[in-house]
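Remarks on the structure that follows.
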Amino acid sequence: MNNVNVSAFHYFYTLILLTMTDIAGKIEYIESKIPEYVKLVIVSKTRSVEEILIAYNTGHKLFGENKVQELLNKKNQLPGEIQWHLIGHLQSNKVKYIVPFISLIQSVDTLKLLKTINKEASRINRVVDCLLQIHIASEETKYGFSLLELESAFETVKPADFKYIRICGVMGMATFTSDRKVLQKEFDNLKGIYDALKTRYFSESESFVEISMGMSGDYEIALESGSTIIRIGSMIFGERK
């Protein structure tokens with residue numbers, strides 16, 4: 001091996017070690033800042049299999065993906081004990097591909113999607129855990145139910161009618177802003193909607209316990225409002241490429 005190749009080898013070897021230490025250190029830091037009952041979902045969208053493996057090798061098993069095709073590609077290359085969460089918008093025609101293995105679908109945003117998940121899950125006799133995505137942001141591009149839409153939906157069909165779905169709580173995406181007051185208001189709103197749904201429709205459910213809110217830039221505010229699941233990506237891996 002000539003001197004140029006030796007230098008290149010040492011450079012990339014050092015870079016890999018630094019990356020491993022950096023990702024592991026950030027995961028350890030976040031976990032030290034959150035209560036034990038809060039679940040950390042590492043958002044691995046656009047990240048390489050190698051990066052995900054570094055995070056996985058710290059002992060972490062919860063990972064979140066936005067797109068079904070990317071999730072399927074990664075799942076086939078990574079350890080089977082990883083618990084995958086679908087956190088992005090889910091099209092009804094893609095449901096059948098993830099129902100056999102998904103740990104949690106966080107982004108159920110229409111009654112039609114609930115019905116589709118229930119139908120596909122019934123075909124393989126598997127109960128699928130889901131969260132109801134609530135629209136809490138000022139941005140119209142965000143998906144999700146309003147409380148009124150859910151109340152209207154549950155007049156037509158009851159949560160108990162979905163035999164192959166376990167509704168475990170709610171999820172929301174806040175406005176992309178650094179304004180703490182705006183974020184606090186939106187997170188408090190989601191907590192209020194969770195409480196209302198719990199009282200009206202899920203008072204006897206032992207599974208309806210989760211509030212998924214908070215990402216890299218705002219998870220500490222979300223925790224103050226009662227979040228039980230935070231979704232962190234860029235704070236661990238750095239800004240997306």
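Naming works like this for the structure tokens: A, B, ... for the chains as they're shown, residue 1 at the start of each chain, ligands 1 onward in shown order.
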
Per residue of stretch 68-104 of chain A within 12 Å of stretch 214-236 of chain A, record the nearest atom pair and its distance in Å to one decimal, counting only C-alpha atoms, with rows in chain order and ascending residue number, as JSON lines.
{"residue": "A:His85", "atom": "CA", "partner": "A:Arg231", "partner_atom": "CA", "distance": 10.0}
{"residue": "A:Leu86", "atom": "CA", "partner": "A:Arg231", "partner_atom": "CA", "distance": 11.2}
{"residue": "A:Ile87", "atom": "CA", "partner": "A:Arg231", "partner_atom": "CA", "distance": 8.8}
{"residue": "A:Gly88", "atom": "CA", "partner": "A:Arg231", "partner_atom": "CA", "distance": 11.5}
{"residue": "A:Leu104", "atom": "CA", "partner": "A:Ile229", "partner_atom": "CA", "distance": 11.6}

Report, in Å with one decimal, the straight-line distance from atom CA of A:Leu62 to atom CA of A:Ile82. 6.3 Å

Mind checking which residues fall within 9 Å of stretch 183-196 of chain A, counting only C-alpha atoms, ignoring those fewer than 4 positions away in the same chain, and posting them as number ranges by chain? A: 134-138, 146-147, 169-179, 200-201, 209-211, 213-214, 218, 221-222, 224-227

Just the selected residues (C-alpha atoms), exported as a short mmCIF file (atom, residue, chain, number, x, y, z; two decimals), in the first residue's frame, please.
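That gives us again.cif:
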data_model
loop_
_atom_site.label_atom_id
_atom_site.label_comp_id
_atom_site.auth_asym_id
_atom_site.auth_seq_id
_atom_site.Cartn_x
_atom_site.Cartn_y
_atom_site.Cartn_z
CA ILE A 134 -53.97 15.54 14.36
CA HIS A 135 -53.48 18.75 12.39
CA ILE A 136 -52.08 21.26 14.90
CA ALA A 137 -49.82 23.44 12.74
CA SER A 138 -50.66 26.72 11.05
CA SER A 146 -59.23 18.05 13.38
CA LEU A 147 -61.11 17.17 16.56
CA GLY A 169 -52.92 7.67 20.95
CA VAL A 170 -52.26 10.74 18.84
CA MET A 171 -49.48 12.30 16.81
CA GLY A 172 -48.97 15.88 15.66
CA MET A 173 -46.45 17.97 13.74
CA ALA A 174 -45.98 21.53 14.91
CA THR A 175 -45.37 24.58 12.75
CA PHE A 176 -41.79 24.92 11.53
CA THR A 177 -40.85 27.91 13.65
CA SER A 178 -38.52 28.99 16.43
CA ASP A 179 -41.33 30.88 18.18
CA ARG A 200 -65.05 10.42 25.09
CA TYR A 201 -63.92 7.35 23.20
CA VAL A 209 -51.62 6.30 26.16
CA GLU A 210 -49.29 7.88 23.60
CA ILE A 211 -48.79 11.48 22.50
CA MET A 213 -44.93 15.22 19.38
CA GLY A 214 -41.59 16.94 19.34
CA ASP A 218 -38.66 21.52 19.72
CA ILE A 221 -41.12 22.11 24.63
CA ALA A 222 -43.14 19.05 23.60
CA GLU A 224 -43.32 20.07 28.87
CA SER A 225 -46.73 19.62 27.21
CA GLY A 226 -46.88 15.90 27.89
CA SER A 227 -45.23 14.15 24.96
#

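Atom CA of A:Ile52 sits 12.9 Å away from atom CA of A:Asn73.
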
So which residues touch A:Lys26 within 12 Å, counting only C-alpha atoms, skipping near sequence neighbours fewer than 2 positions away, as a list in words? Thr19, Met20, Thr21, Asp22, Ile23, Ala24, Glu28, Tyr29, Ile30, Glu31, Ser32, Lys33, Ile42, Ile54, Ala55, Thr58, Ser216, Ile232, Gly233, Ser234, Met235, Ile236, Phe237 and Gly238 of chain A

Write a file of the selected residues as an mmCIF file, in the first residue's frame, keeping N, CA and C atoms.
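Generated output (result_2.cif):
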data_model
loop_
_atom_site.group_PDB
_atom_site.id
_atom_site.type_symbol
_atom_site.label_atom_id
_atom_site.label_comp_id
_atom_site.auth_asym_id
_atom_site.auth_seq_id
_atom_site.Cartn_x
_atom_site.Cartn_y
_atom_site.Cartn_z
ATOM 1 N N THR A 19 -17.614 9.405 13.441
ATOM 2 C CA THR A 19 -19.051 9.334 13.185
ATOM 3 C C THR A 19 -19.735 8.430 14.192
ATOM 4 N N MET A 20 -19.125 7.275 14.468
ATOM 5 C CA MET A 20 -19.680 6.341 15.439
ATOM 6 C C MET A 20 -19.795 6.981 16.806
ATOM 7 N N THR A 21 -18.721 7.647 17.223
ATOM 8 C CA THR A 21 -18.706 8.287 18.531
ATOM 9 C C THR A 21 -19.723 9.414 18.586
ATOM 10 N N ASP A 22 -19.820 10.165 17.498
ATOM 11 C CA ASP A 22 -20.712 11.318 17.443
ATOM 12 C C ASP A 22 -22.177 10.878 17.558
ATOM 13 N N ILE A 23 -22.591 9.904 16.747
ATOM 14 C CA ILE A 23 -23.981 9.435 16.770
ATOM 15 C C ILE A 23 -24.309 8.811 18.112
ATOM 16 N N ALA A 24 -23.435 7.959 18.603
ATOM 17 C CA ALA A 24 -23.681 7.300 19.886
ATOM 18 C C ALA A 24 -23.755 8.316 21.018
ATOM 19 N N GLU A 28 -26.975 9.110 23.470
ATOM 20 C CA GLU A 28 -26.815 9.042 24.929
ATOM 21 C C GLU A 28 -27.225 10.354 25.583
ATOM 22 N N TYR A 29 -26.869 11.472 24.957
ATOM 23 C CA TYR A 29 -27.213 12.785 25.510
ATOM 24 C C TYR A 29 -28.730 12.978 25.546
ATOM 25 N N ILE A 30 -29.396 12.678 24.437
ATOM 26 C CA ILE A 30 -30.855 12.857 24.380
ATOM 27 C C ILE A 30 -31.541 11.966 25.396
ATOM 28 N N GLU A 31 -31.114 10.720 25.480
ATOM 29 C CA GLU A 31 -31.745 9.796 26.424
ATOM 30 C C GLU A 31 -31.548 10.243 27.863
ATOM 31 N N SER A 32 -30.446 10.953 28.128
ATOM 32 C CA SER A 32 -30.210 11.452 29.492
ATOM 33 C C SER A 32 -31.107 12.636 29.823
ATOM 34 N N LYS A 33 -31.680 13.271 28.781
ATOM 35 C CA LYS A 33 -32.492 14.469 28.976
ATOM 36 C C LYS A 33 -33.987 14.174 29.061
ATOM 37 N N ILE A 42 -35.790 7.279 16.558
ATOM 38 C CA ILE A 42 -34.742 7.877 15.738
ATOM 39 C C ILE A 42 -35.217 7.938 14.289
ATOM 40 N N ILE A 54 -24.978 2.148 13.044
ATOM 41 C CA ILE A 54 -24.227 2.764 14.143
ATOM 42 C C ILE A 54 -25.177 3.093 15.288
ATOM 43 N N ALA A 55 -26.332 3.671 14.951
ATOM 44 C CA ALA A 55 -27.320 3.987 15.984
ATOM 45 C C ALA A 55 -27.879 2.712 16.616
ATOM 46 N N THR A 58 -25.900 0.975 19.379
ATOM 47 C CA THR A 58 -25.908 1.544 20.732
ATOM 48 C C THR A 58 -26.949 0.853 21.601
ATOM 49 N N SER A 216 -36.344 17.399 16.584
ATOM 50 C CA SER A 216 -35.022 17.855 17.018
ATOM 51 C C SER A 216 -35.026 19.271 17.585
ATOM 52 N N ILE A 232 -36.629 12.141 16.656
ATOM 53 C CA ILE A 232 -35.393 12.911 16.504
ATOM 54 C C ILE A 232 -34.544 12.350 15.363
ATOM 55 N N GLY A 233 -34.152 13.212 14.428
ATOM 56 C CA GLY A 233 -33.296 12.781 13.328
ATOM 57 C C GLY A 233 -32.056 13.634 13.191
ATOM 58 N N SER A 234 -32.218 14.883 12.768
ATOM 59 C CA SER A 234 -31.069 15.733 12.467
ATOM 60 C C SER A 234 -30.190 15.995 13.686
ATOM 61 N N MET A 235 -30.765 16.019 14.867
ATOM 62 C CA MET A 235 -29.975 16.246 16.078
ATOM 63 C C MET A 235 -28.997 15.095 16.320
ATOM 64 N N ILE A 236 -29.312 13.918 15.790
ATOM 65 C CA ILE A 236 -28.459 12.736 15.939
ATOM 66 C C ILE A 236 -27.511 12.571 14.761
ATOM 67 N N PHE A 237 -28.049 12.677 13.554
ATOM 68 C CA PHE A 237 -27.260 12.408 12.353
ATOM 69 C C PHE A 237 -26.669 13.652 11.702
ATOM 70 N N GLY A 238 -27.126 14.824 12.099
ATOM 71 C CA GLY A 238 -26.742 16.033 11.395
ATOM 72 C C GLY A 238 -27.786 16.370 10.352
#

Could you pull out the alpha helix (DSSP H) residues of chain A from DSSP and send them as number ranges by chain? A: 3-33, 49-56, 68-75, 95-98, 111-123, 147-156, 180-200, 219-224, 234-237

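Of the residues listed (A:Lys74, A:Lys45, A:Lys61, A:Lys112), A:Lys112 shows the shortest atom-to-atom separation from A:Asn93; distances use only C-alpha atoms.
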